[in-house]
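Text of query.tsv, listed as TSV, N, CA and C atoms:
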```
chain	number	residue	atom	x	y	z
A	186	MET	N	5.18	-26.49	-61.34
A	186	MET	CA	4.76	-26.94	-60.02
A	186	MET	C	5.59	-26.25	-58.95
A	187	PHE	N	4.94	-25.43	-58.18
A	187	PHE	CA	5.62	-24.77	-57.08
A	187	PHE	C	4.98	-25.25	-55.79
A	188	GLY	N	5.70	-25.16	-54.73
A	188	GLY	CA	5.16	-25.54	-53.44
A	188	GLY	C	6.06	-26.53	-52.72
A	189	LEU	N	5.75	-26.73	-51.48
A	189	LEU	CA	6.54	-27.58	-50.61
A	189	LEU	C	6.42	-29.06	-50.98
A	190	VAL	N	5.19	-29.52	-51.20
A	190	VAL	CA	4.97	-30.95	-51.46
A	190	VAL	C	5.67	-31.40	-52.75
A	191	PRO	N	5.51	-30.70	-53.88
A	191	PRO	CA	6.24	-31.13	-55.08
A	191	PRO	C	7.75	-31.08	-54.89
A	192	ALA	N	8.24	-30.10	-54.12
A	192	ALA	CA	9.68	-30.01	-53.87
A	192	ALA	C	10.17	-31.21	-53.07
A	193	VAL	N	9.41	-31.62	-52.06
A	193	VAL	CA	9.77	-32.80	-51.27
A	193	VAL	C	9.70	-34.05	-52.12
A	194	GLN	N	8.70	-34.14	-52.98
A	194	GLN	CA	8.56	-35.29	-53.87
A	194	GLN	C	9.77	-35.39	-54.80
A	195	ARG	N	10.16	-34.27	-55.41
A	195	ARG	CA	11.32	-34.27	-56.30
A	195	ARG	C	12.59	-34.64	-55.55
A	196	LEU	N	12.74	-34.12	-54.34
A	196	LEU	CA	13.91	-34.42	-53.52
A	196	LEU	C	13.99	-35.92	-53.21
A	197	CYS	N	12.86	-36.50	-52.83
A	197	CYS	CA	12.83	-37.94	-52.53
A	197	CYS	C	13.18	-38.76	-53.76
A	198	LEU	N	12.65	-38.38	-54.89
A	198	LEU	CA	12.89	-39.14	-56.12
A	198	LEU	C	14.33	-39.01	-56.61
A	199	ARG	N	14.95	-37.86	-56.38
A	199	ARG	CA	16.33	-37.65	-56.84
A	199	ARG	C	17.37	-38.22	-55.89
A	200	LYS	N	17.16	-38.02	-54.59
A	200	LYS	CA	18.23	-38.29	-53.62
A	200	LYS	C	18.16	-39.66	-52.96
A	201	LEU	N	16.98	-40.26	-52.88
A	201	LEU	CA	16.85	-41.51	-52.15
A	201	LEU	C	16.93	-42.71	-53.09
A	202	PRO	N	17.68	-43.73	-52.69
A	202	PRO	CA	17.74	-44.95	-53.51
A	202	PRO	C	16.50	-45.82	-53.25
A	203	LEU	N	15.45	-45.56	-53.98
A	203	LEU	CA	14.16	-46.23	-53.76
A	203	LEU	C	13.94	-47.33	-54.78
A	204	PRO	N	13.29	-48.42	-54.35
A	204	PRO	CA	12.93	-49.46	-55.32
A	204	PRO	C	11.94	-48.91	-56.35
A	205	LEU	N	11.92	-49.53	-57.50
A	205	LEU	CA	11.07	-49.06	-58.61
A	205	LEU	C	9.59	-49.01	-58.22
A	206	SER	N	9.13	-50.03	-57.48
A	206	SER	CA	7.71	-50.04	-57.09
A	206	SER	C	7.37	-48.85	-56.19
A	207	LEU	N	8.25	-48.46	-55.29
A	207	LEU	CA	8.01	-47.31	-54.42
A	207	LEU	C	8.08	-46.02	-55.22
A	208	ARG	N	9.00	-45.95	-56.17
A	208	ARG	CA	9.10	-44.75	-57.02
A	208	ARG	C	7.81	-44.57	-57.83
A	209	LYS	N	7.26	-45.68	-58.34
A	209	LYS	CA	5.99	-45.61	-59.09
A	209	LYS	C	4.86	-45.11	-58.20
A	210	PHE	N	4.85	-45.57	-56.96
A	210	PHE	CA	3.81	-45.14	-56.01
A	210	PHE	C	3.94	-43.65	-55.71
A	211	LEU	N	5.17	-43.16	-55.58
A	211	LEU	CA	5.38	-41.75	-55.25
A	211	LEU	C	4.96	-40.81	-56.38
A	212	VAL	N	5.01	-41.27	-57.62
A	212	VAL	CA	4.62	-40.41	-58.75
A	212	VAL	C	3.22	-40.71	-59.25
A	213	HIS	N	2.55	-41.69	-58.68
A	213	HIS	CA	1.20	-42.05	-59.10
A	213	HIS	C	0.23	-40.90	-58.80
A	214	PRO	N	-0.80	-40.71	-59.65
A	214	PRO	CA	-1.78	-39.63	-59.41
A	214	PRO	C	-2.52	-39.76	-58.08
A	215	ALA	N	-2.56	-40.96	-57.50
A	215	ALA	CA	-3.17	-41.14	-56.18
A	215	ALA	C	-2.10	-41.59	-55.18
A	216	GLY	N	-0.89	-41.15	-55.39
A	216	GLY	CA	0.23	-41.58	-54.56
A	216	GLY	C	0.36	-40.80	-53.26
A	217	LEU	N	1.44	-41.06	-52.57
A	217	LEU	CA	1.70	-40.55	-51.22
A	217	LEU	C	1.69	-39.02	-51.14
A	218	PHE	N	2.02	-38.35	-52.22
A	218	PHE	CA	2.12	-36.90	-52.19
A	218	PHE	C	0.85	-36.20	-52.68
A	219	THR	N	-0.28	-36.91	-52.64
A	219	THR	CA	-1.54	-36.31	-53.10
A	219	THR	C	-2.62	-36.45	-52.03
A	220	ILE	N	-3.64	-35.65	-52.16
A	220	ILE	CA	-4.80	-35.74	-51.28
A	220	ILE	C	-5.56	-37.03	-51.52
A	221	PHE	N	-5.40	-37.60	-52.73
A	221	PHE	CA	-6.09	-38.83	-53.07
A	221	PHE	C	-5.58	-40.02	-52.24
A	222	PHE	N	-4.42	-39.88	-51.64
A	222	PHE	CA	-3.91	-40.90	-50.73
A	222	PHE	C	-4.33	-40.60	-49.30
A	223	TRP	N	-4.14	-39.36	-48.87
A	223	TRP	CA	-4.33	-39.03	-47.45
A	223	TRP	C	-5.78	-38.96	-47.02
A	224	ALA	N	-6.68	-38.48	-47.86
A	224	ALA	CA	-8.08	-38.38	-47.48
A	224	ALA	C	-8.67	-39.75	-47.14
A	225	PRO	N	-8.54	-40.76	-47.99
A	225	PRO	CA	-9.10	-42.06	-47.62
A	225	PRO	C	-8.34	-42.72	-46.47
A	226	THR	N	-7.06	-42.48	-46.40
A	226	THR	CA	-6.28	-43.08	-45.31
A	226	THR	C	-6.79	-42.56	-43.97
A	227	LEU	N	-7.08	-41.28	-43.89
A	227	LEU	CA	-7.60	-40.72	-42.64
A	227	LEU	C	-9.07	-41.10	-42.44
A	228	LYS	N	-9.78	-41.41	-43.51
A	228	LYS	CA	-11.17	-41.82	-43.40
A	228	LYS	C	-11.31	-43.17	-42.71
A	229	TRP	N	-10.26	-43.97	-42.73
A	229	TRP	CA	-10.28	-45.25	-42.03
A	229	TRP	C	-10.53	-45.05	-40.54
A	230	ALA	N	-10.21	-43.88	-40.01
A	230	ALA	CA	-10.43	-43.59	-38.59
A	230	ALA	C	-11.90	-43.68	-38.23
A	231	ILE	N	-12.79	-43.34	-39.15
A	231	ILE	CA	-14.23	-43.43	-38.87
A	231	ILE	C	-14.63	-44.88	-38.65
A	232	SER	N	-14.12	-45.78	-39.49
A	232	SER	CA	-14.41	-47.20	-39.32
A	232	SER	C	-13.82	-47.72	-38.01
A	233	LEU	N	-12.61	-47.29	-37.70
A	233	LEU	CA	-11.98	-47.72	-36.45
A	233	LEU	C	-12.77	-47.21	-35.24
A	234	ALA	N	-13.27	-45.99	-35.32
A	234	ALA	CA	-14.09	-45.45	-34.22
A	234	ALA	C	-15.38	-46.26	-34.08
A	235	ASN	N	-15.98	-46.63	-35.20
A	235	ASN	CA	-17.20	-47.44	-35.15
A	235	ASN	C	-16.92	-48.82	-34.56
A	236	ILE	N	-15.79	-49.40	-34.89
A	236	ILE	CA	-15.42	-50.68	-34.30
A	236	ILE	C	-15.22	-50.53	-32.80
A	237	GLY	N	-14.61	-49.43	-32.39
A	237	GLY	CA	-14.45	-49.15	-30.96
A	237	GLY	C	-15.78	-48.97	-30.25
A	238	ASP	N	-16.78	-48.46	-30.97
A	238	ASP	CA	-18.10	-48.24	-30.39
A	238	ASP	C	-18.92	-49.52	-30.27
A	239	MET	N	-18.39	-50.63	-30.74
A	239	MET	CA	-19.13	-51.90	-30.60
A	239	MET	C	-19.31	-52.28	-29.13
A	240	LYS	N	-18.45	-51.73	-28.27
A	240	LYS	CA	-18.57	-51.99	-26.83
A	240	LYS	C	-19.63	-51.11	-26.18
A	241	THR	N	-20.01	-50.04	-26.87
A	241	THR	CA	-21.01	-49.12	-26.35
A	241	THR	C	-22.38	-49.81	-26.35
A	242	PRO	N	-23.16	-49.61	-25.30
A	242	PRO	CA	-24.52	-50.18	-25.32
A	242	PRO	C	-25.30	-49.66	-26.53
A	243	ALA	N	-26.07	-50.55	-27.13
A	243	ALA	CA	-26.77	-50.22	-28.38
A	243	ALA	C	-27.74	-49.05	-28.22
A	244	GLN	N	-28.34	-48.90	-27.04
A	244	GLN	CA	-29.29	-47.80	-26.86
A	244	GLN	C	-28.60	-46.43	-26.88
A	245	ASN	N	-27.27	-46.40	-26.70
A	245	ASN	CA	-26.53	-45.14	-26.72
A	245	ASN	C	-26.01	-44.77	-28.11
A	246	ILE	N	-26.26	-45.59	-29.09
A	246	ILE	CA	-25.79	-45.32	-30.45
A	246	ILE	C	-26.73	-44.31	-31.10
A	247	SER	N	-26.14	-43.35	-31.81
A	247	SER	CA	-26.94	-42.35	-32.53
A	247	SER	C	-27.32	-42.91	-33.90
A	248	ALA	N	-28.60	-43.16	-34.08
A	248	ALA	CA	-29.08	-43.68	-35.37
A	248	ALA	C	-28.85	-42.66	-36.49
A	249	ASN	N	-29.04	-41.37	-36.20
A	249	ASN	CA	-28.83	-40.34	-37.22
A	249	ASN	C	-27.37	-40.31	-37.67
A	250	GLN	N	-26.47	-40.38	-36.72
A	250	GLN	CA	-25.04	-40.37	-37.06
A	250	GLN	C	-24.68	-41.59	-37.90
A	251	GLN	N	-25.14	-42.74	-37.50
A	251	GLN	CA	-24.81	-43.96	-38.23
A	251	GLN	C	-25.46	-43.97	-39.62
A	252	ALA	N	-26.65	-43.42	-39.73
A	252	ALA	CA	-27.30	-43.32	-41.05
A	252	ALA	C	-26.49	-42.40	-41.97
A	253	ALA	N	-25.97	-41.31	-41.41
A	253	ALA	CA	-25.14	-40.39	-42.21
A	253	ALA	C	-23.85	-41.07	-42.65
A	254	ILE	N	-23.23	-41.83	-41.76
A	254	ILE	CA	-22.00	-42.55	-42.10
A	254	ILE	C	-22.29	-43.59	-43.17
A	255	LEU	N	-23.39	-44.31	-43.02
A	255	LEU	CA	-23.78	-45.32	-44.01
A	255	LEU	C	-24.02	-44.67	-45.37
A	256	GLY	N	-24.77	-43.58	-45.39
A	256	GLY	CA	-25.09	-42.91	-46.65
A	256	GLY	C	-23.86	-42.35	-47.35
A	257	THR	N	-23.01	-41.65	-46.62
A	257	THR	CA	-21.81	-41.10	-47.26
A	257	THR	C	-20.87	-42.21	-47.70
A	258	GLY	N	-20.81	-43.28	-46.94
A	258	GLY	CA	-19.97	-44.41	-47.35
A	258	GLY	C	-20.43	-45.01	-48.66
A	259	LEU	N	-21.74	-45.19	-48.80
A	259	LEU	CA	-22.29	-45.77	-50.04
A	259	LEU	C	-22.08	-44.84	-51.23
A	260	ILE	N	-22.33	-43.56	-51.02
A	260	ILE	CA	-22.17	-42.59	-52.12
A	260	ILE	C	-20.72	-42.52	-52.57
A	261	TRP	N	-19.78	-42.38	-51.62
A	261	TRP	CA	-18.37	-42.23	-51.99
A	261	TRP	C	-17.75	-43.53	-52.46
A	262	MET	N	-18.31	-44.66	-52.07
A	262	MET	CA	-17.83	-45.94	-52.60
A	262	MET	C	-18.07	-45.95	-54.11
A	263	ARG	N	-19.21	-45.48	-54.52
A	263	ARG	CA	-19.53	-45.41	-55.95
A	263	ARG	C	-18.61	-44.43	-56.67
A	264	TRP	N	-18.47	-43.22	-56.12
A	264	TRP	CA	-17.71	-42.18	-56.81
A	264	TRP	C	-16.22	-42.46	-56.84
A	265	SER	N	-15.72	-43.27	-55.93
A	265	SER	CA	-14.28	-43.55	-55.91
A	265	SER	C	-13.83	-44.33	-57.14
A	266	VAL	N	-14.74	-45.05	-57.78
A	266	VAL	CA	-14.37	-45.79	-58.99
A	266	VAL	C	-14.79	-45.06	-60.26
A	267	VAL	N	-15.54	-43.97	-60.14
A	267	VAL	CA	-15.97	-43.19	-61.29
A	267	VAL	C	-14.97	-42.07	-61.57
A	268	MET	N	-14.42	-41.46	-60.52
A	268	MET	CA	-13.54	-40.32	-60.70
A	268	MET	C	-12.15	-40.76	-61.18
A	269	THR	N	-11.39	-39.81	-61.66
A	269	THR	CA	-10.04	-40.05	-62.12
A	269	THR	C	-9.09	-39.32	-61.19
A	270	PRO	N	-8.09	-39.96	-60.63
A	270	PRO	CA	-7.73	-41.37	-60.77
A	270	PRO	C	-8.65	-42.25	-59.93
A	271	VAL	N	-8.90	-43.47	-60.43
A	271	VAL	CA	-9.68	-44.44	-59.66
A	271	VAL	C	-8.95	-44.68	-58.35
A	272	ASN	N	-9.68	-44.61	-57.24
A	272	ASN	CA	-9.04	-44.67	-55.93
A	272	ASN	C	-9.61	-45.84	-55.14
A	273	TYR	N	-8.91	-46.96	-55.18
A	273	TYR	CA	-9.38	-48.17	-54.50
A	273	TYR	C	-9.25	-48.05	-52.99
A	274	ASN	N	-8.29	-47.27	-52.51
A	274	ASN	CA	-8.17	-47.03	-51.06
A	274	ASN	C	-9.42	-46.32	-50.56
A	275	LEU	N	-9.90	-45.33	-51.31
A	275	LEU	CA	-11.13	-44.62	-50.95
A	275	LEU	C	-12.33	-45.54	-51.00
A	276	MET	N	-12.39	-46.41	-52.01
A	276	MET	CA	-13.51	-47.34	-52.13
A	276	MET	C	-13.54	-48.29	-50.93
A	277	LEU	N	-12.40	-48.85	-50.55
A	277	LEU	CA	-12.35	-49.77	-49.42
A	277	LEU	C	-12.65	-49.08	-48.10
A	278	ALA	N	-12.13	-47.87	-47.91
A	278	ALA	CA	-12.41	-47.13	-46.68
A	278	ALA	C	-13.90	-46.88	-46.53
A	279	ASN	N	-14.56	-46.50	-47.63
A	279	ASN	CA	-15.99	-46.24	-47.58
A	279	ASN	C	-16.81	-47.52	-47.46
A	280	ALA	N	-16.33	-48.61	-48.04
A	280	ALA	CA	-17.03	-49.89	-47.89
A	280	ALA	C	-17.01	-50.32	-46.42
A	281	PHE	N	-15.87	-50.22	-45.78
A	281	PHE	CA	-15.79	-50.58	-44.36
A	281	PHE	C	-16.61	-49.61	-43.51
A	282	MET	N	-16.59	-48.32	-43.87
A	282	MET	CA	-17.42	-47.35	-43.16
A	282	MET	C	-18.88	-47.73	-43.23
A	283	SER	N	-19.34	-48.09	-44.42
A	283	SER	CA	-20.74	-48.48	-44.61
A	283	SER	C	-21.07	-49.75	-43.83
A	284	CYS	N	-20.17	-50.71	-43.86
A	284	CYS	CA	-20.42	-51.97	-43.14
A	284	CYS	C	-20.51	-51.76	-41.63
A	285	THR	N	-19.59	-50.97	-41.10
A	285	THR	CA	-19.63	-50.75	-39.64
A	285	THR	C	-20.87	-49.95	-39.25
A	286	ALA	N	-21.26	-48.98	-40.08
A	286	ALA	CA	-22.46	-48.19	-39.78
A	286	ALA	C	-23.71	-49.06	-39.88
A	287	ALA	N	-23.77	-49.93	-40.90
A	287	ALA	CA	-24.93	-50.81	-41.05
A	287	ALA	C	-25.04	-51.75	-39.84
A	288	TYR	N	-23.91	-52.25	-39.38
A	288	TYR	CA	-23.95	-53.13	-38.21
A	288	TYR	C	-24.39	-52.37	-36.96
A	289	GLN	N	-23.94	-51.14	-36.81
A	289	GLN	CA	-24.37	-50.33	-35.66
A	289	GLN	C	-25.87	-50.05	-35.74
A	290	LEU	N	-26.37	-49.78	-36.92
A	290	LEU	CA	-27.82	-49.56	-37.08
A	290	LEU	C	-28.60	-50.84	-36.79
A	291	TYR	N	-28.05	-51.98	-37.18
A	291	TYR	CA	-28.68	-53.26	-36.87
A	291	TYR	C	-28.74	-53.46	-35.35
A	292	ARG	N	-27.64	-53.16	-34.68
A	292	ARG	CA	-27.61	-53.27	-33.21
A	292	ARG	C	-28.66	-52.36	-32.59
A	293	LYS	N	-28.74	-51.13	-33.10
A	293	LYS	CA	-29.72	-50.16	-32.58
A	293	LYS	C	-31.15	-50.65	-32.80
A	294	ALA	N	-31.42	-51.28	-33.95
A	294	ALA	CA	-32.76	-51.76	-34.27
A	294	ALA	C	-33.17	-52.93	-33.35
A	295	GLN	N	-32.20	-53.63	-32.80
A	295	GLN	CA	-32.49	-54.79	-31.94
A	295	GLN	C	-32.87	-54.38	-30.52
A	296	VAL	N	-32.66	-53.11	-30.17
A	296	VAL	CA	-32.98	-52.63	-28.82
A	296	VAL	C	-34.50	-52.49	-28.71
A	297	PRO	N	-35.11	-53.12	-27.70
A	297	PRO	CA	-36.57	-52.98	-27.54
A	297	PRO	C	-36.95	-51.55	-27.19
A	298	LEU	N	-38.06	-51.07	-27.73
A	298	LEU	CA	-38.56	-49.73	-27.43
A	298	LEU	C	-39.10	-49.69	-26.01
A	299	GLU	N	-38.87	-48.59	-25.34
A	299	GLU	CA	-39.34	-48.46	-23.95
A	299	GLU	C	-40.59	-47.64	-23.86
```
Show me the file's structure as structure tokens.
Amino acid sequence: MFGLVPAVQRLCLRKLPLPLSLRKFLVHPAGLFTIFFWAPTLKWAISLANIGDMKTPAQNISANQQAAILGTGLIWMRWSVVMTPVNYNLMLANAFMSCTAAYQLYRKAQVPLE
């Protein structure tokens, strides 16, 4: 293993007096030093943006965008428990993404047609 991230991981594990539970998290296949941690963590921003858009008038919501968010959330929610390592953070991020998108689509559907 060469590279900056594995070197930082080894340094943290050797030099820092960490509790056993944190050490286990740092060496886990979906731990802090992997993309399996950071990708779903950053994906939570989509749900937070959707929650922020609840103040937006429903007629200004993009149905296509929300449908895409709903679809990708549902697909990745499934795959997060099929792939190895199983990634519950990814599953929850996508579940919340799907829920917020479904609610936005519901709001959009309630707007009377002009």
Legend entry - Nearest candidate to A:Ala280 (options A:Phe218, A:Phe187, A:Trp223, A:Trp261; using only N, CA and C atoms): A:Trp261
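Closest to A:Thr241 among A:Arg263, A:Arg292, A:Arg195, A:His213 is A:Arg292, based on only C-alpha atoms.
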Inset, instruction - Report the distance between atom CA of A:Gln250 and atom CA of A:Ala234 in Å, rounded to one decimal place. - result: 12.4 Å
Inset, instruction - Find the spatial neighbours of A:Met282, counting only C-alpha atoms, within a cut-off of 10 Å - ignore same-chain residues fewer than 3 positions away - and output them as a VMD selection string. - result: chain A and resid 228 to 236 251 254 to 259 262 276 to 279 285 to 287
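Atom CA of A:Pro225 to atom CA of A:Cys197 spans 22.8 Å [interatomic distance, one decimal].
Closest to A:Gln289 among A:Leu275, A:Ala248, A:Leu198, A:Met268 is A:Ala248, based on all atoms listed in the file.
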Inset, instruction - Pull the helix (DSSP H, G or I) assignments for chain A out of DSSP run on the backbone, and list those residues as a ChimeraX atom specification. - result: /A:189-200,205-212,220-240,243-245,248-267,273-294
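Taking atom CA of A:Pro191 and atom CA of A:Pro270 as the two end points, the separation is 18.2 Å.
Closest approach to A:Asn272 from the set A:Ala215, A:Val190, A:Leu205, A:Ala252 is made by A:Ala215, with distances taken over only N, CA and C atoms.
Every residue within 12 Å of the file position (-29.1, -46.0, -29.3), judged by only C-alpha atoms, is given as Asp238, Met239, Thr241, Pro242, Ala243, Gln244, Asn245, Ile246, Ser247, Ala248, Asn249, Gln250, Gln251, Gln289, Leu290, Tyr291, Arg292, Lys293, Ala294, Gln295, Val296, Pro297, Leu298 and Glu299 of chain A.
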